[in-house]
file structure-v7.cif (mmCIF, C-alpha atoms and all ligand atoms)
data_run
#
loop_
_atom_site.group_PDB
_atom_site.id
_atom_site.type_symbol
_atom_site.label_atom_id
_atom_site.label_comp_id
_atom_site.auth_asym_id
_atom_site.auth_seq_id
_atom_site.Cartn_x
_atom_site.Cartn_y
_atom_site.Cartn_z
ATOM 1 C CA MET A 1 -12.015 4.122 -17.964
ATOM 2 C CA SER A 2 -14.163 1.008 -18.024
ATOM 3 C CA ASN A 3 -15.645 -0.345 -14.820
ATOM 4 C CA THR A 4 -13.430 -3.419 -14.867
ATOM 5 C CA ASP A 5 -10.297 -1.261 -14.963
ATOM 6 C CA GLN A 6 -11.474 0.702 -11.960
ATOM 7 C CA LEU A 7 -10.319 -0.930 -8.743
ATOM 8 C CA VAL A 8 -11.144 1.655 -6.130
ATOM 9 C CA ARG A 9 -13.365 4.682 -6.109
ATOM 10 C CA PHE A 10 -13.976 7.230 -3.339
ATOM 11 C CA GLU A 11 -17.013 9.456 -3.730
ATOM 12 C CA SER A 12 -17.129 12.382 -1.336
ATOM 13 C CA VAL A 13 -15.497 10.347 1.424
ATOM 14 C CA SER A 14 -15.065 12.124 4.736
ATOM 15 C CA ALA A 15 -13.352 10.493 7.677
ATOM 16 C CA GLY A 16 -12.619 11.460 11.229
ATOM 17 C CA TYR A 17 -12.181 10.436 14.805
ATOM 18 C CA GLY A 18 -14.470 11.269 17.719
ATOM 19 C CA GLY A 19 -16.559 13.635 15.630
ATOM 20 C CA VAL A 20 -13.528 15.594 14.372
ATOM 21 C CA THR A 21 -13.246 15.589 10.575
ATOM 22 C CA VAL A 22 -9.782 14.648 9.333
ATOM 23 C CA LEU A 23 -10.483 13.892 5.644
ATOM 24 C CA ASP A 24 -12.871 16.197 3.905
ATOM 25 C CA ARG A 25 -14.944 15.007 0.932
ATOM 26 C CA ILE A 26 -12.280 13.108 -0.991
ATOM 27 C CA ASP A 27 -13.031 11.948 -4.546
ATOM 28 C CA LEU A 28 -10.579 9.609 -6.184
ATOM 29 C CA SER A 29 -10.364 6.619 -8.427
ATOM 30 C CA LEU A 30 -7.643 4.044 -8.799
ATOM 31 C CA ALA A 31 -7.242 2.011 -11.978
ATOM 32 C CA ARG A 32 -5.686 -1.415 -12.355
ATOM 33 C CA GLY A 33 -1.922 -1.171 -12.816
ATOM 34 C CA GLU A 34 -1.497 2.310 -11.381
ATOM 35 C CA VAL A 35 1.141 3.166 -8.810
ATOM 36 C CA LEU A 36 -0.537 5.901 -6.834
ATOM 37 C CA ALA A 37 1.532 8.043 -4.479
ATOM 38 C CA VAL A 38 -0.425 9.653 -1.625
ATOM 39 C CA LEU A 39 1.659 12.595 -0.462
ATOM 40 C CA GLY A 40 1.400 15.237 2.213
ATOM 41 C CA ARG A 41 3.040 16.468 5.376
ATOM 42 C CA ASN A 42 2.771 14.895 8.834
ATOM 43 C CA GLY A 43 -0.850 14.785 9.878
ATOM 44 C CA ALA A 44 -2.176 15.592 6.379
ATOM 45 C CA GLY A 45 -4.435 12.526 6.473
ATOM 46 C CA LYS A 46 -2.488 9.936 4.440
ATOM 47 C CA THR A 47 -2.853 7.078 6.946
ATOM 48 C CA THR A 48 -6.480 8.024 7.528
ATOM 49 C CA LEU A 49 -7.135 7.734 3.786
ATOM 50 C CA LEU A 50 -5.591 4.243 3.639
ATOM 51 C CA ASN A 51 -7.390 3.188 6.817
ATOM 52 C CA ALA A 52 -10.665 4.474 5.376
ATOM 53 C CA LEU A 53 -10.201 2.148 2.382
ATOM 54 C CA PHE A 54 -9.825 -0.827 4.746
ATOM 55 C CA ASN A 55 -12.401 0.459 7.261
ATOM 56 C CA LEU A 56 -9.738 0.350 9.933
ATOM 57 C CA GLY A 57 -10.877 2.827 12.527
ATOM 58 C CA PRO A 58 -11.970 6.208 11.208
ATOM 59 C CA GLU A 59 -15.653 7.148 11.166
ATOM 60 C CA LEU A 60 -16.680 7.308 7.519
ATOM 61 C CA SER A 61 -19.228 9.010 5.341
ATOM 62 C CA GLY A 62 -19.564 9.000 1.569
ATOM 63 C CA ARG A 63 -19.082 5.950 -0.596
ATOM 64 C CA ILE A 64 -16.130 3.650 -1.220
ATOM 65 C CA THR A 65 -16.309 1.143 -4.071
ATOM 66 C CA VAL A 66 -13.828 -1.693 -4.630
ATOM 67 C CA LYS A 67 -14.138 -3.674 -7.887
ATOM 68 C CA GLY A 68 -17.713 -2.562 -8.271
ATOM 69 C CA GLU A 69 -18.744 -3.532 -4.717
ATOM 70 C CA SER A 70 -19.879 -0.783 -2.383
ATOM 71 C CA VAL A 71 -17.692 -1.629 0.627
ATOM 72 C CA THR A 72 -18.260 1.322 2.952
ATOM 73 C CA ASN A 73 -18.502 -0.108 6.487
ATOM 74 C CA TRP A 74 -17.706 -3.667 5.409
ATOM 75 C CA PRO A 75 -15.462 -5.445 7.927
ATOM 76 C CA THR A 76 -11.772 -5.168 7.041
ATOM 77 C CA HIS A 77 -11.228 -8.876 6.313
ATOM 78 C CA ARG A 78 -14.040 -8.850 3.767
ATOM 79 C CA ILE A 79 -12.557 -5.851 1.972
ATOM 80 C CA ALA A 80 -9.129 -7.553 1.972
ATOM 81 C CA ARG A 81 -10.675 -10.636 0.380
ATOM 82 C CA LEU A 82 -11.436 -8.577 -2.705
ATOM 83 C CA GLY A 83 -7.679 -8.663 -3.314
ATOM 84 C CA LEU A 84 -6.324 -5.751 -1.276
ATOM 85 C CA ALA A 85 -3.454 -6.022 1.201
ATOM 86 C CA LEU A 86 -2.258 -3.308 3.584
ATOM 87 C CA VAL A 87 1.293 -2.998 4.865
ATOM 88 C CA PRO A 88 0.699 -0.664 7.794
ATOM 89 C CA GLN A 89 2.971 2.184 8.884
ATOM 90 C CA GLY A 90 5.643 0.569 11.074
ATOM 91 C CA ARG A 91 5.423 -2.669 9.051
ATOM 92 C CA GLY A 92 3.555 -4.963 11.441
ATOM 93 C CA VAL A 93 5.683 -8.118 11.460
ATOM 94 C CA PHE A 94 5.759 -10.606 14.329
ATOM 95 C CA HIS A 95 9.165 -10.096 15.882
ATOM 96 C CA THR A 96 9.568 -13.503 17.503
ATOM 97 C CA LEU A 97 8.919 -15.564 14.359
ATOM 98 C CA ALA A 98 11.672 -16.644 12.006
ATOM 99 C CA VAL A 99 11.399 -15.150 8.530
ATOM 100 C CA HIS A 100 10.478 -18.516 7.035
ATOM 101 C CA GLU A 101 7.734 -19.129 9.607
ATOM 102 C CA SER A 102 6.344 -15.655 9.101
ATOM 103 C CA LEU A 103 6.141 -16.240 5.352
ATOM 104 C CA ARG A 104 4.688 -19.711 5.785
ATOM 105 C CA LEU A 105 1.935 -18.294 8.010
ATOM 106 C CA ALA A 106 1.114 -15.767 5.317
ATOM 107 C CA THR A 107 0.670 -18.581 2.781
ATOM 108 C CA LEU A 108 -1.792 -20.286 5.144
ATOM 109 C CA ALA A 109 -3.813 -17.093 5.442
ATOM 110 C CA ARG A 110 -4.251 -16.717 1.713
ATOM 111 C CA LYS A 111 -7.446 -17.213 -0.171
ATOM 112 C CA PRO A 112 -8.436 -20.762 -1.003
ATOM 113 C CA ALA A 113 -7.549 -21.914 -4.520
ATOM 114 C CA GLY A 114 -10.308 -21.313 -7.017
ATOM 115 C CA ARG A 115 -11.047 -17.858 -5.645
ATOM 116 C CA SER A 116 -7.926 -16.318 -7.040
ATOM 117 C CA VAL A 117 -8.239 -12.604 -7.559
ATOM 118 C CA SER A 118 -6.142 -12.381 -10.693
ATOM 119 C CA PRO A 119 -6.321 -15.793 -12.358
ATOM 120 C CA SER A 120 -4.064 -14.697 -15.205
ATOM 121 C CA ALA A 121 -1.093 -13.936 -12.964
ATOM 122 C CA SER A 122 0.902 -16.831 -11.529
ATOM 123 C CA PRO A 123 0.277 -17.213 -7.809
ATOM 124 C CA TRP A 124 2.791 -16.165 -5.178
ATOM 125 C CA THR A 125 4.461 -19.152 -3.544
ATOM 126 C CA LEU A 126 7.333 -19.320 -1.030
ATOM 127 C CA ASP A 127 9.677 -20.247 -3.890
ATOM 128 C CA ARG A 128 8.605 -17.290 -5.942
ATOM 129 C CA VAL A 129 8.997 -14.975 -2.939
ATOM 130 C CA TYR A 130 12.529 -16.247 -2.337
ATOM 131 C CA ARG A 131 13.376 -15.708 -6.016
ATOM 132 C CA GLU A 132 12.009 -12.171 -5.908
ATOM 133 C CA PHE A 133 13.665 -11.374 -2.546
ATOM 134 C CA PRO A 134 16.943 -13.348 -2.341
ATOM 135 C CA ARG A 135 17.776 -11.456 0.855
ATOM 136 C CA LEU A 136 14.795 -13.048 2.593
ATOM 137 C CA HIS A 137 16.045 -16.457 1.520
ATOM 138 C CA GLU A 138 19.469 -15.722 3.011
ATOM 139 C CA ARG A 139 17.807 -14.557 6.216
ATOM 140 C CA ARG A 140 15.078 -17.224 6.355
ATOM 141 C CA LEU A 141 16.217 -18.637 9.709
ATOM 142 C CA ALA A 142 16.706 -15.239 11.371
ATOM 143 C CA SER A 143 14.013 -13.957 13.688
ATOM 144 C CA SER A 144 11.977 -11.145 12.160
ATOM 145 C CA GLY A 145 13.015 -8.863 15.011
ATOM 146 C CA ALA A 146 16.677 -9.242 14.036
ATOM 147 C CA LEU A 147 16.130 -7.954 10.479
ATOM 148 C CA SER A 148 17.335 -4.613 9.228
ATOM 149 C CA GLY A 149 14.661 -2.041 8.440
ATOM 150 C CA GLY A 150 14.942 -2.768 4.731
ATOM 151 C CA GLU A 151 14.712 -6.523 5.226
ATOM 152 C CA ARG A 152 11.703 -6.096 7.495
ATOM 153 C CA GLN A 153 10.004 -4.002 4.831
ATOM 154 C CA MET A 154 10.698 -6.741 2.264
ATOM 155 C CA LEU A 155 9.204 -9.301 4.646
ATOM 156 C CA ALA A 156 6.061 -7.217 5.100
ATOM 157 C CA LEU A 157 5.769 -6.762 1.337
ATOM 158 C CA ALA A 158 6.332 -10.482 0.710
ATOM 159 C CA ARG A 159 3.668 -11.393 3.265
ATOM 160 C CA ALA A 160 1.227 -9.094 1.504
ATOM 161 C CA LEU A 161 2.041 -10.712 -1.855
ATOM 162 C CA LEU A 162 1.471 -14.192 -0.422
ATOM 163 C CA THR A 163 -2.171 -13.297 0.251
ATOM 164 C CA GLN A 164 -2.410 -13.221 -3.594
ATOM 165 C CA ALA A 165 -3.622 -9.628 -3.436
ATOM 166 C CA ASP A 166 -3.566 -7.753 -6.725
ATOM 167 C CA THR A 167 -3.451 -4.381 -4.953
ATOM 168 C CA ILE A 168 -0.840 -3.606 -2.323
ATOM 169 C CA VAL A 169 -1.216 -0.583 -0.083
ATOM 170 C CA LEU A 170 1.985 0.583 1.628
ATOM 171 C CA ASP A 171 1.902 3.176 4.409
ATOM 172 C CA GLU A 172 5.205 5.113 4.520
ATOM 173 C CA PRO A 173 7.404 2.184 3.551
ATOM 174 C CA SER A 174 10.537 4.346 3.406
ATOM 175 C CA GLU A 175 10.141 5.642 6.967
ATOM 176 C CA GLY A 176 13.327 5.017 8.946
ATOM 177 C CA LEU A 177 15.155 3.308 6.075
ATOM 178 C CA ALA A 178 18.671 4.188 4.954
ATOM 179 C CA PRO A 179 18.823 5.606 1.404
ATOM 180 C CA LEU A 180 20.248 2.385 -0.032
ATOM 181 C CA ALA A 181 17.463 0.317 1.511
ATOM 182 C CA VAL A 182 14.873 2.724 0.114
ATOM 183 C CA GLU A 183 16.430 2.252 -3.289
ATOM 184 C CA GLU A 184 16.483 -1.545 -3.072
ATOM 185 C CA VAL A 185 13.115 -2.156 -1.445
ATOM 186 C CA LEU A 186 11.022 0.526 -2.986
ATOM 187 C CA VAL A 187 12.452 1.683 -6.207
ATOM 188 C CA HIS A 188 13.665 -1.771 -7.306
ATOM 189 C CA HIS A 189 10.976 -4.125 -5.960
ATOM 190 C CA VAL A 190 7.939 -1.858 -6.249
ATOM 191 C CA SER A 191 8.852 -0.904 -9.814
ATOM 192 C CA ARG A 192 9.338 -4.555 -10.767
ATOM 193 C CA LEU A 193 6.055 -5.631 -9.184
ATOM 194 C CA ALA A 194 4.219 -2.787 -10.868
ATOM 195 C CA ALA A 195 5.746 -3.791 -14.195
ATOM 196 C CA GLU A 196 4.230 -7.241 -13.664
ATOM 197 C CA GLY A 197 0.789 -5.689 -13.258
ATOM 198 C CA LEU A 198 0.442 -5.244 -9.505
ATOM 199 C CA THR A 199 -1.497 -2.134 -8.458
ATOM 200 C CA VAL A 200 0.253 -0.169 -5.713
ATOM 201 C CA VAL A 201 -0.816 2.629 -3.387
ATOM 202 C CA LEU A 202 2.046 4.281 -1.567
ATOM 203 C CA ALA A 203 1.625 6.867 1.204
ATOM 204 C CA GLU A 204 4.929 8.688 1.505
ATOM 205 C CA GLN A 205 6.714 11.677 2.950
ATOM 206 C CA ASN A 206 9.704 10.848 0.749
ATOM 207 C CA VAL A 207 8.331 12.771 -2.215
ATOM 208 C CA ALA A 208 11.354 12.322 -4.470
ATOM 209 C CA MET A 209 11.300 8.543 -4.103
ATOM 210 C CA ALA A 210 7.545 8.291 -4.468
ATOM 211 C CA LEU A 211 7.555 10.341 -7.657
ATOM 212 C CA ARG A 212 10.198 8.045 -9.169
ATOM 213 C CA VAL A 213 7.967 4.979 -8.920
ATOM 214 C CA ALA A 214 4.478 6.495 -9.142
ATOM 215 C CA THR A 215 2.364 6.776 -12.254
ATOM 216 C CA ARG A 216 0.028 9.203 -10.479
ATOM 217 C CA ALA A 217 0.199 11.350 -7.362
ATOM 218 C CA LEU A 218 -2.266 12.851 -4.907
ATOM 219 C CA VAL A 219 -1.391 15.554 -2.423
ATOM 220 C CA LEU A 220 -3.344 15.927 0.795
ATOM 221 C CA SER A 221 -3.161 19.029 2.906
ATOM 222 C CA ALA A 222 -5.085 19.285 6.158
ATOM 223 C CA GLY A 223 -7.466 16.587 4.960
ATOM 224 C CA ARG A 224 -8.269 18.138 1.568
ATOM 225 C CA MET A 225 -7.059 16.883 -1.766
ATOM 226 C CA VAL A 226 -5.043 19.716 -3.322
ATOM 227 C CA PHE A 227 -3.515 17.847 -6.281
ATOM 228 C CA ASP A 228 -4.322 14.791 -8.389
ATOM 229 C CA GLY A 229 -2.192 14.316 -11.481
ATOM 230 C CA THR A 230 0.986 12.999 -13.017
ATOM 231 C CA PRO A 231 4.309 12.939 -11.160
ATOM 232 C CA ALA A 232 5.772 15.173 -13.878
ATOM 233 C CA ALA A 233 3.068 17.798 -13.388
ATOM 234 C CA LEU A 234 3.579 17.685 -9.634
ATOM 235 C CA ALA A 235 7.361 17.908 -9.899
ATOM 236 C CA ALA A 236 6.975 21.004 -12.078
ATOM 237 C CA ASP A 237 4.590 22.749 -9.661
ATOM 238 C CA HIS A 238 7.034 24.513 -7.368
ATOM 239 C CA ALA A 239 4.384 26.630 -5.658
ATOM 240 C CA LEU A 240 2.383 23.541 -4.692
ATOM 241 C CA HIS A 241 5.541 21.856 -3.413
ATOM 242 C CA GLN A 242 6.397 24.871 -1.315
ATOM 243 C CA GLU A 243 2.919 25.238 0.114
ATOM 244 C CA HIS A 244 1.888 21.628 0.731
ATOM 245 C CA LEU A 245 4.961 19.399 0.708
ATOM 246 C CA GLY A 246 7.906 21.508 1.857
ATOM 247 C CA VAL A 247 9.214 21.076 5.370
HETATM 248 N N1 LIG B 301 -6.842 7.219 15.948
HETATM 249 C C1 LIG B 301 -6.895 8.557 15.913
HETATM 250 N N2 LIG B 301 -7.652 9.253 16.799
HETATM 251 C C2 LIG B 301 -7.714 10.600 16.746
HETATM 252 N N3 LIG B 301 -7.072 11.360 15.844
HETATM 253 C C3 LIG B 301 -6.308 10.743 14.947
HETATM 254 C C4 LIG B 301 -6.169 9.309 14.920
HETATM 255 N N4 LIG B 301 -5.345 8.983 13.906
HETATM 256 C C5 LIG B 301 -4.979 10.144 13.325
HETATM 257 N N5 LIG B 301 -5.562 11.194 13.938
HETATM 258 C C6 LIG B 301 -5.417 12.614 13.539
HETATM 259 O O1 LIG B 301 -5.804 12.736 12.183
HETATM 260 C C7 LIG B 301 -4.938 13.630 11.491
HETATM 261 C C8 LIG B 301 -4.371 12.916 10.276
HETATM 262 O O2 LIG B 301 -3.527 11.852 10.729
HETATM 263 P P1 LIG B 301 -2.894 10.773 9.761
HETATM 264 O O3 LIG B 301 -2.265 9.756 10.636
HETATM 265 O O4 LIG B 301 -3.916 10.349 8.803
HETATM 266 O O5 LIG B 301 -1.794 11.653 9.025
HETATM 267 P P2 LIG B 301 -0.580 11.206 8.094
HETATM 268 O O6 LIG B 301 -0.656 12.057 6.878
HETATM 269 O O7 LIG B 301 -0.580 9.759 7.924
HETATM 270 O O8 LIG B 301 0.696 11.656 8.948
HETATM 271 P P3 LIG B 301 2.147 10.963 9.077
HETATM 272 O O9 LIG B 301 2.904 11.382 7.857
HETATM 273 O O10 LIG B 301 2.707 11.583 10.299
HETATM 274 O O11 LIG B 301 1.961 9.494 9.189
HETATM 275 C C9 LIG B 301 -3.903 14.094 12.499
HETATM 276 O O12 LIG B 301 -4.313 15.331 12.989
HETATM 277 C C10 LIG B 301 -3.969 13.045 13.577
HETATM 278 O O13 LIG B 301 -3.633 13.587 14.824
HETATM 279 MG MG MG B 302 0.704 8.228 8.395
#

call {"tool": "encode", "arguments": {"input": "structure-v7.cif", "output": "structure tokens"}}
result
Amino acid sequence: MSNTDQLVRFESVSAGYGGVTVLDRIDLSLARGEVLAVLGRNGAGKTTLLNALFNLGPELSGRITVKGESVTNWPTHRIARLGLALVPQGRGVFHTLAVHESLRLATLARKPAGRSVSPSASPWTLDRVYREFPRLHERRLASSGALSGGERQMLALARALLTQADTIVLDEPSEGLAPLAVEEVLVHHVSRLAAEGLTVVLAEQNVAMALRVATRALVLSAGRMVFDGTPAALAADHALHQEHLGV
């Protein structure tokens, strides 16, 4: 893999809270265009891994590189400006704003023109978002708090796209969604976006869904990485499923 294809690299990254280690010496690399599923049971360290990438809370050691820049301990907004957007667990949308206002705010927050992260791709505009997510167009005057779980997840994803990020990091996007909404939001939209070249990291407890859209999967167990490989190899490893993913 050439350096330009490598978006993110963790070298022996440990992370914890209050002196307690939660992630233990994680090595990983993420290439442009991958859809990486980060799997593991409750408390395995999935959110901590994503938060480590954005320097959002955990105490860190080791080295994190994004697009060749050593970003360990950079402030979150500076890391995001390299073209990464996080959709946090629980979706983080402003409940009082109308959908349209929420999206418009996201366009204001985006990087100034001329510093586009992926100049080859066409930029995300409100029009393009409404074409990609017709449901958001139908609901544009509704307040964000009145949206269904699936619609709220689309709004959070659309807001992330409007920052012009080329890498979207989703923390348990299927949590609390009905099966049909999971299908529409995740399988349909994430697959389409990935096909257009977006890089996606997806922390999930819904292993079956994640493995349908992922090109690669990691499994965390008690803060250690116990698997890094293809979805097919993971699906075939019944012992690993039983030990580290089963309920
Ligand atoms: N802010 C925090 N302060 C202290 N401990 C924390 C904090 N956040 C997480 N932890 C602990 O770190 C461990 C890993 O938590 P993390 O949230 O990363 O797991 P997870 O895999 O995302 O779980 P879930 O699937 O439930 O979201 C857990 O033991 C958790 O209690
Ligand atoms: Mg979590």

call {"tool": "closest_residue", "arguments": {"input": "structure-v7.cif", "among": "A:Gln205, A:Thr215, A:Thr107, A:Ser174", "to": "A:Ala44", "atoms": "all atoms listed in the file"}}
result
A:Gln205

call {"tool": "atom_distance", "arguments": {"input": "structure-v7.cif", "atom1": "atom O9 of ligand LIG 301 (chain B)", "atom2": "atom CA of A:Ala203"}}
result
8.1 Å

call {"tool": "closest_atom_pairs", "arguments": {"input": "structure-v7.cif", "of": "chain A", "to": "ligand LIG 301 (chain B)", "cutoff": "12 Å", "atoms": "only C-alpha atoms and all ligand atoms", "output": "CSV"}}
result
residue,atom,partner,partner_atom,distance
A:Ser14,CA,B:LIG301,O1,11.9
A:Ala15,CA,B:LIG301,O1,9.1
A:Gly16,CA,B:LIG301,O1,7.0
A:Tyr17,CA,B:LIG301,C2,4.9
A:Gly18,CA,B:LIG301,C2,6.9
A:Gly19,CA,B:LIG301,C2,9.4
A:Val20,CA,B:LIG301,N3,7.9
A:Thr21,CA,B:LIG301,O1,8.1
A:Val22,CA,B:LIG301,O1,5.3
A:Leu23,CA,B:LIG301,C8,7.7
A:Asp24,CA,B:LIG301,C8,11.1
A:Val38,CA,B:LIG301,O6,8.8
A:Leu39,CA,B:LIG301,O6,7.7
A:Gly40,CA,B:LIG301,O6,6.0
A:Arg41,CA,B:LIG301,O9,5.7
A:Asn42,CA,B:LIG301,O10,3.6
A:Gly43,CA,B:LIG301,O5,3.4
A:Ala44,CA,B:LIG301,O6,3.9
A:Gly45,CA,B:LIG301,O4,3.2
A:Lys46,CA,B:LIG301,O6,3.7
A:Thr47,CA,B:LIG301,O7,3.6
A:Thr48,CA,B:LIG301,O4,3.7
A:Leu49,CA,B:LIG301,O4,6.5
A:Leu50,CA,B:LIG301,O4,8.2
A:Asn51,CA,B:LIG301,O4,8.2
A:Ala52,CA,B:LIG301,O4,9.6
A:Leu56,CA,B:LIG301,N1,9.6
A:Gly57,CA,B:LIG301,N1,6.9
A:Pro58,CA,B:LIG301,N1,7.1
A:Glu59,CA,B:LIG301,N2,10.0
A:Pro88,CA,B:LIG301,O11,10.3
A:Gln89,CA,B:LIG301,O11,7.4
A:Gly90,CA,B:LIG301,O11,9.8
A:Leu170,CA,B:LIG301,O7,11.4
A:Asp171,CA,B:LIG301,O7,7.9
A:Glu172,CA,B:LIG301,O11,7.2
A:Pro173,CA,B:LIG301,O11,10.7
A:Ser174,CA,B:LIG301,O9,11.3
A:Glu175,CA,B:LIG301,O9,9.3
A:Leu202,CA,B:LIG301,O7,11.3
A:Ala203,CA,B:LIG301,O7,7.6
A:Glu204,CA,B:LIG301,O9,7.2
A:Gln205,CA,B:LIG301,O9,6.2
A:Asn206,CA,B:LIG301,O9,9.9
A:Val207,CA,B:LIG301,O9,11.5
A:Leu218,CA,B:LIG301,O6,11.9
A:Val219,CA,B:LIG301,O6,10.0
A:Leu220,CA,B:LIG301,O6,7.7
A:Ser221,CA,B:LIG301,O6,8.4
A:Ala222,CA,B:LIG301,C8,7.6
A:Gly223,CA,B:LIG301,C8,7.2
A:Arg224,CA,B:LIG301,C8,10.9
A:Met225,CA,B:LIG301,O6,11.8
A:His244,CA,B:LIG301,O6,11.7
A:Leu245,CA,B:LIG301,O9,10.9
A:Val247,CA,B:LIG301,O9,11.8

call {"tool": "closest_residue", "arguments": {"input": "structure-v7.cif", "among": "A:Ile168, A:Leu7, A:Val87, A:Ala195", "to": "ligand MG 302 (chain B)", "atoms": "only C-alpha atoms and all ligand atoms"}}
result
A:Val87

call {"tool": "atom_distance", "arguments": {"input": "structure-v7.cif", "atom1": "atom CA of A:Ala142", "atom2": "atom CA of A:Val99"}}
result
6.0 Å

call {"tool": "closest_residue", "arguments": {"input": "structure-v7.cif", "among": "A:Leu162, A:Leu84, A:Val71, A:Ile79", "to": "A:Ala109", "atoms": "all atoms listed in the file"}}
result
A:Leu162

call {"tool": "atom_distance", "arguments": {"input": "structure-v7.cif", "atom1": "atom CA of A:Gly150", "atom2": "atom CA of A:Ala181"}}
result
5.1 Å

call {"tool": "residues_around", "arguments": {"input": "structure-v7.cif", "residues": "A:Asn73", "least_positions_apart": "2", "cutoff": "8 Å", "atoms": "only C-alpha atoms", "output": "PyMOL selection string"}}
result
chain A and resi 55+60+71+75

call {"tool": "resolve_selection", "arguments": {"input": "structure-v7.cif", "expression": "the PyMOL selection byres (((chain A and resi 105) around 12) and not hetatm)", "output": "PyMOL selection string"}}
result
chain A and resi 93-94+97-104+106-110+125-126+158-160+162-163

call {"tool": "axis_aligned_box", "arguments": {"input": "structure-v7.cif", "around": "stretch 55-62 of chain A", "padding_each_side": "8 Å", "output": "JSON"}}
result
{"center_x": -14.7, "center_y": 4.7, "center_z": 7.0, "size_x": 25.8, "size_y": 24.7, "size_z": 27.0}
